[in-house]
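Working notes, structure below.
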Amino acid sequence: MKKSNPFEGAIKQMKKAAVKADISSEQLEHLSYPHQQLEVYLHLKKDNGQTQIVRGFRVQHNNWLGPYKGGIRYHNQVDINEVKALAFWMTIKNAVVDVPFGGGKGGIEIDPKTLSNTELERLTREFVQHIAIIVGPDMDVPAPDVNTNGQIMEWFADEYGKIIGKDCPAVVTGKPLHCGGSQGREEATGLGGFYVLEELVEKLKLKRPLKVAIQGFGNVGSHIAILLQQNGYEIIALSDSKGGIYKQDGALDAGSVKECKKINKSIANCYCVDKICGLSRDNKGDITNEKLLELPVDILIPAAMEGVINKKNAPKIKAKIILEMANGPVTSEADQILKKRKIMVVPDVLANSGGVTVSYFEWYQNIKGEKWDLEKVRSKLKDKMVKAFDTVWEIHKKKKVDLRTSAYILALQRLSSKAQKI
Ligand code: GLU
């Protein structure tokens with residue numbers, strides 16, 4: 001089967017929304033291509049002395065609203081069309097949540113779990129040497145994404161500083177606190193998604209407790225799981241790339257599952273002791289990633305990779321709401337099917353925009369030499385998320401279109417009015 005091209009799907013979604021937005025066909029054409037893309041070949045020195053050639057990418061999609069901005073992922077299935085789609089979604093996302101950034105994204109085609117820490121550091125530093133020429137606080141500002149973290153961002157900033165001959169923390173966000181990171185950056189994507197969901201539950205007047213299944217238990221999935229549980233939602237299924245666990249009656253304890261995953265390295269088979277996760281082998285608590293998506297829940301949260309909800313499984317989804325915490329988890333074909341089935345999709349460009357919002361706060365603090373406390377970060381994040389949600393909701397009601405189309409209309413309008421002034 002031919003692998004679908006996520007960039008083409010993303011452009012299709014944009015063009016659909018554009019019919020209802022105030023944007024010229026020239027501007028739309030402009031947004032249908034990235035400004036530039038760089039493909040690099042890294043010569044990774046392995047600990048055993050051998051060299052492995054590894055491909056990496058940085059795509060700069062658009063900078064009408066500000067410097068290109070977006071994460072870097074390390075994954076063995078990274079390819080140029082995926083990175084182009086991800087860079088495009090960053091352009092839209094930054095416009096929706098109203099931060100002064102454009103869209104960019106990077107990726108390295110590697111499974112970082114196959115590398116030692118020293119190999120990971122060498123790979124990261126070599127990548128920075130290749131892309132240093134096109135990044136910078138006013139040009140392009142990377143951040144963490146799938147399988148990358150604060151440590152990798154610290155190496156990034158350090159290597160960039162060496163290249164330009166001075167410290168430059170604002171070149172990258174998502175850094176640890178001790179080298180210019182912001183309070184609240186790590187939890188930001190999950191917390192932002194939580195604020196959006198709470199607004200939606202309020203608007204729809206849904207009766208609590210609500211049942212939730214979450215696919216993906218990395219930084220985003222684990223934070224939102226714990227937050228939801230603390231606020232009375234019932235987490236009935238959780239999974240990571242190797243599989244998951246499911247509790248038919250009652251709910252899982254997300255904090256304990258996190259502890260268990262730390263020890264076991266995966267959620268699959270992570271029954272813990274009965275009293276911790278509430279599962280035992282006899283409860284038949286296993287669930288595959290595919291089956292998790294089809295569970296009878298109120299809210300389904302894909303928080304891992306793109307394209308997991310597609311035309312094959314969209315007819316089988318039973319959730320009432322899908323909160324897209326991953327980027328691009330629902331394909332454009334699936335979107336149509338879900339719409340017909342009256343399943344509400346909260347799009348990635350709104351739901352997961354809390355991460356880049358606090359990245360903006362971090363970049364701003366670096367540039368101004370400020371240090372904000374956690375309370376200030378959280379309250380500013382909440383303001384941004386609620387405002388973005390309310391504006392998208394208003395368009396949804398006024399124009400009678402789905403939330404993704406509404407978010408795109410908002411983004412395209414903002415992009416278009418800025419482009420006219422450039
Ligand atoms: N990788 C995150 C995203 O997809 C964060 C990007 C950033 O902070 O620049 O939104």
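In the structure tokens, the first chain shown is A, the next is B, and so on; residue numbers restart at 1 for each chain, and ligands run from 1 in the order shown.
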Taking a cut-off of 12 Å and counting only C-alpha atoms, can you build a table that, for each residue of stretch 261-351 of chain A near stretch 142-151 of chain A, reports the nearest atom pair and how far apart they are in Å (one decimal), sorted by chain then residue number, as a tab-separated table?
residue	atom	partner	partner_atom	distance
A:Ala303	CA	A:Val146	CA	10.2
A:Ala304	CA	A:Val146	CA	8.0
A:Met305	CA	A:Val146	CA	8.4
A:Glu306	CA	A:Val146	CA	11.1
A:Met325	CA	A:Val146	CA	11.9
A:Ala326	CA	A:Val146	CA	9.3
A:Asn327	CA	A:Asp145	CA	10.0
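With the cut-off set to 7 Å and only C-alpha atoms and all ligand atoms counted, the residues surrounding ligand 1 are Lys69, Gly70, Gly71, Ile72, Met90, Val141, Pro142, Ala143, Pro144, Asp145, Thr173, Gly174, Asn327, Asn352, Ser353, Gly355, Val356, Thr357 and Ser359 of chain A.
Residues surrounding A:Ala251 within 6 Å are Glu234, Ile235 and Ile236 of chain A [only C-alpha atoms; sequence separation below 4 positions excluded].
For A:Val220, the set of protein, DNA and RNA residues having any atom at most 9 Å away, when counting only C-alpha atoms and skipping those fewer than 2 positions along the same chain, is A:Glu186, A:Glu187, A:Ala188, A:Thr189, A:Gly190, A:Leu191, A:Gly216, A:Phe217, A:Gly218, A:Ser222, A:His223, A:Ile224, A:Ala225, A:Ala303, A:Ala304, A:Met325, A:Ala326, A:Asn352.
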List every residue of stretch 8-115 of chain A that has an atom at most 10 Å from any atom of stretch 391-406 of chain A, and for each one report the closest atom pair and its distance in Å to one decimal, counting only C-alpha atoms, with rows sorted by chain and then by increasing residue number, as a tab-separated table.
residue	atom	partner	partner_atom	distance
A:Gln13	CA	A:Thr405	CA	7.6
A:Met14	CA	A:Thr405	CA	7.8
A:Lys15	CA	A:Thr405	CA	9.6
A:Lys16	CA	A:Thr405	CA	7.5
A:Ala17	CA	A:Thr405	CA	5.0
A:Ala18	CA	A:Thr405	CA	8.5
A:Val19	CA	A:Thr405	CA	9.9
A:Lys20	CA	A:Lys399	CA	8.2
A:Ala21	CA	A:Ser406	CA	9.2
A:Val96	CA	A:Val392	CA	8.2
A:Val97	CA	A:Thr391	CA	9.7
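Comparing the minimum interatomic distances between A:Phe88 and each of A:Ala407, A:Val349, A:Leu206, A:Ile263, counting only C-alpha atoms, we find that A:Val349 sits nearest.
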Can you tell me, as a PyMOL selection string, which residues in stretch 189-391 of chain A count as alpha helix (DSSP H) by DSSP?
chain A and resi 189-204+219-230+254-264+274-277+289-293+332-340+348-351+354-368+374-391
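Distances here use only C-alpha atoms; by that measure, the residue among A:Leu28, A:Ala411, A:Leu227, A:Leu200 closest to A:Ile321 is A:Leu200.
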Pick from A:Ala213, A:Val40, A:Val358, A:Val377 nearest to A:Asp298, counting only C-alpha atoms
A:Ala213
Residue list (strand (DSSP E), DSSP) for stretch 4-214 of chain A, as an MDAnalysis selection string
chainID A and resid 36:45 51:62 68:75 103:109 140:144 211:214
Which one of A:Asp98, A:Ser116, A:Asn62, A:Ser182 sits closest to A:Glu370 if you count only C-alpha atoms?
A:Ser182
Quick one, how far is atom CA of A:Tyr195 from atom CA of A:Leu177?
23.8 Å
Excluding A:Glu29 and residues on its chain fewer than 2 positions from it, collect all residues at most 12 Å away from it, counting only C-alpha atoms, and give them as a PyMOL selection string.
chain A and resi 11-12+14-15+18+23-27+31-35+416
Surrounding residues of stretch 80-87 of chain A excluding itself and chain neighbours under 3 positions, 10 Å, only C-alpha atoms, as a VMD selection string
chain A and resid 4 to 11 33 to 34 36 to 39 56 to 62 68 to 73 77 90 to 93 102 to 109 306 327 to 328
Go ahead and save the residues from that selection, with N, CA and C atoms, as a compact mmCIF listing (two decimals), in the first residue's frame.
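again.txt was written with the following content:
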# COMPACT_ATOMS: atom_id res chain seq x y z
N SER A 4 0.49 7.26 2.63
CA SER A 4 -0.11 8.56 2.28
C SER A 4 0.86 9.69 2.67
N ASN A 5 0.77 10.78 1.93
CA ASN A 5 1.69 11.89 2.14
C ASN A 5 1.03 12.91 3.10
N PRO A 6 1.55 13.00 4.33
CA PRO A 6 0.87 13.86 5.31
C PRO A 6 0.88 15.34 4.91
N PHE A 7 1.90 15.75 4.15
CA PHE A 7 1.94 17.16 3.74
C PHE A 7 0.79 17.46 2.78
N GLU A 8 0.56 16.55 1.84
CA GLU A 8 -0.57 16.76 0.90
C GLU A 8 -1.89 16.81 1.65
N GLY A 9 -2.05 15.91 2.63
CA GLY A 9 -3.28 15.87 3.44
C GLY A 9 -3.47 17.19 4.18
N ALA A 10 -2.38 17.73 4.72
CA ALA A 10 -2.45 18.97 5.50
C ALA A 10 -2.85 20.14 4.59
N ILE A 11 -2.29 20.18 3.40
CA ILE A 11 -2.62 21.27 2.48
C ILE A 11 -4.09 21.17 2.05
N TYR A 33 3.61 25.66 0.00
CA TYR A 33 5.01 25.20 -0.13
C TYR A 33 5.81 25.74 1.04
N PRO A 34 6.80 24.96 1.50
CA PRO A 34 7.67 25.54 2.53
C PRO A 34 8.62 26.55 1.90
N GLN A 36 11.84 26.91 2.69
CA GLN A 36 13.03 26.13 2.33
C GLN A 36 13.14 24.87 3.18
N GLN A 37 13.90 23.92 2.65
CA GLN A 37 14.14 22.68 3.40
C GLN A 37 15.58 22.26 3.21
N LEU A 38 16.18 21.82 4.32
CA LEU A 38 17.58 21.42 4.29
C LEU A 38 17.66 19.94 4.66
N GLU A 39 18.37 19.18 3.84
CA GLU A 39 18.56 17.76 4.14
C GLU A 39 20.05 17.56 4.41
N GLY A 56 19.15 13.83 8.33
CA GLY A 56 18.41 14.79 9.15
C GLY A 56 17.79 15.86 8.26
N PHE A 57 16.78 16.54 8.79
CA PHE A 57 16.07 17.57 8.02
C PHE A 57 15.76 18.78 8.89
N ARG A 58 15.70 19.95 8.28
CA ARG A 58 15.06 21.11 8.90
C ARG A 58 14.25 21.79 7.81
N VAL A 59 12.96 21.95 8.08
CA VAL A 59 12.08 22.60 7.11
C VAL A 59 11.61 23.92 7.70
N GLN A 60 11.72 24.99 6.92
CA GLN A 60 11.22 26.31 7.35
C GLN A 60 10.01 26.61 6.46
N HIS A 61 8.85 26.51 7.05
CA HIS A 61 7.65 26.62 6.23
C HIS A 61 7.25 28.07 5.95
N ASN A 62 7.12 28.87 7.00
CA ASN A 62 6.64 30.24 6.79
C ASN A 62 7.08 31.14 7.95
N TYR A 68 10.85 31.32 12.24
CA TYR A 68 10.38 29.94 12.13
C TYR A 68 10.52 29.30 13.51
N LYS A 69 9.55 28.46 13.87
CA LYS A 69 9.59 27.86 15.21
C LYS A 69 8.97 26.48 15.18
N GLY A 70 9.64 25.52 15.78
CA GLY A 70 9.07 24.18 15.87
C GLY A 70 10.13 23.18 16.30
N GLY A 71 9.66 22.04 16.78
CA GLY A 71 10.54 21.06 17.39
C GLY A 71 11.43 20.28 16.42
N ILE A 72 12.23 19.41 17.05
CA ILE A 72 13.06 18.47 16.30
C ILE A 72 12.74 17.08 16.84
N ARG A 73 12.37 16.15 15.98
CA ARG A 73 12.09 14.80 16.47
C ARG A 73 13.16 13.82 16.03
N GLN A 77 11.24 6.70 11.55
CA GLN A 77 10.40 6.85 10.37
C GLN A 77 10.29 8.30 9.88
N MET A 90 2.95 23.85 12.32
CA MET A 90 3.47 24.85 13.27
C MET A 90 3.08 26.26 12.82
N THR A 91 3.11 26.52 11.52
CA THR A 91 2.69 27.84 11.02
C THR A 91 1.25 28.12 11.45
N ILE A 92 0.39 27.12 11.25
CA ILE A 92 -1.03 27.28 11.59
C ILE A 92 -1.20 27.40 13.12
N LYS A 93 -0.53 26.50 13.85
CA LYS A 93 -0.65 26.47 15.31
C LYS A 93 -0.24 27.79 15.95
N GLY A 102 6.65 31.95 13.18
CA GLY A 102 6.25 31.22 11.98
C GLY A 102 6.36 29.73 12.26
N GLY A 103 6.40 28.94 11.20
CA GLY A 103 6.42 27.49 11.38
C GLY A 103 7.67 26.83 10.82
N GLY A 104 8.25 25.94 11.60
CA GLY A 104 9.40 25.15 11.16
C GLY A 104 9.38 23.81 11.86
N LYS A 105 10.17 22.89 11.39
CA LYS A 105 10.28 21.59 12.07
C LYS A 105 11.55 20.90 11.62
N GLY A 106 12.08 20.04 12.50
CA GLY A 106 13.26 19.27 12.12
C GLY A 106 13.09 17.82 12.50
N GLY A 107 13.92 16.99 11.92
CA GLY A 107 13.85 15.58 12.29
C GLY A 107 15.15 14.87 11.95
N ILE A 108 15.46 13.85 12.72
CA ILE A 108 16.59 12.98 12.41
C ILE A 108 16.06 11.56 12.33
N GLU A 109 16.45 10.88 11.25
CA GLU A 109 15.91 9.54 10.98
C GLU A 109 16.69 8.51 11.80
N GLU A 306 1.37 10.66 14.02
CA GLU A 306 0.35 11.09 13.07
C GLU A 306 -0.28 9.89 12.34
N ASN A 327 0.56 15.57 16.81
CA ASN A 327 0.39 16.37 15.60
C ASN A 327 -0.13 15.46 14.50
N GLY A 328 -1.23 15.85 13.88
CA GLY A 328 -1.77 15.11 12.74
C GLY A 328 -2.21 13.68 12.98
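Residue nearest A:Glu333 within the list A:Lys291, A:Val346, A:Ile163, A:Lys312: A:Lys312 [criterion: smallest interatomic distance, only C-alpha atoms].
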Name the closest residue to A:Leu410 among the candidates A:Leu238, A:Ala95, A:Ala351, A:Leu65; distances are taken between atoms, counting only C-alpha atoms.
A:Ala95
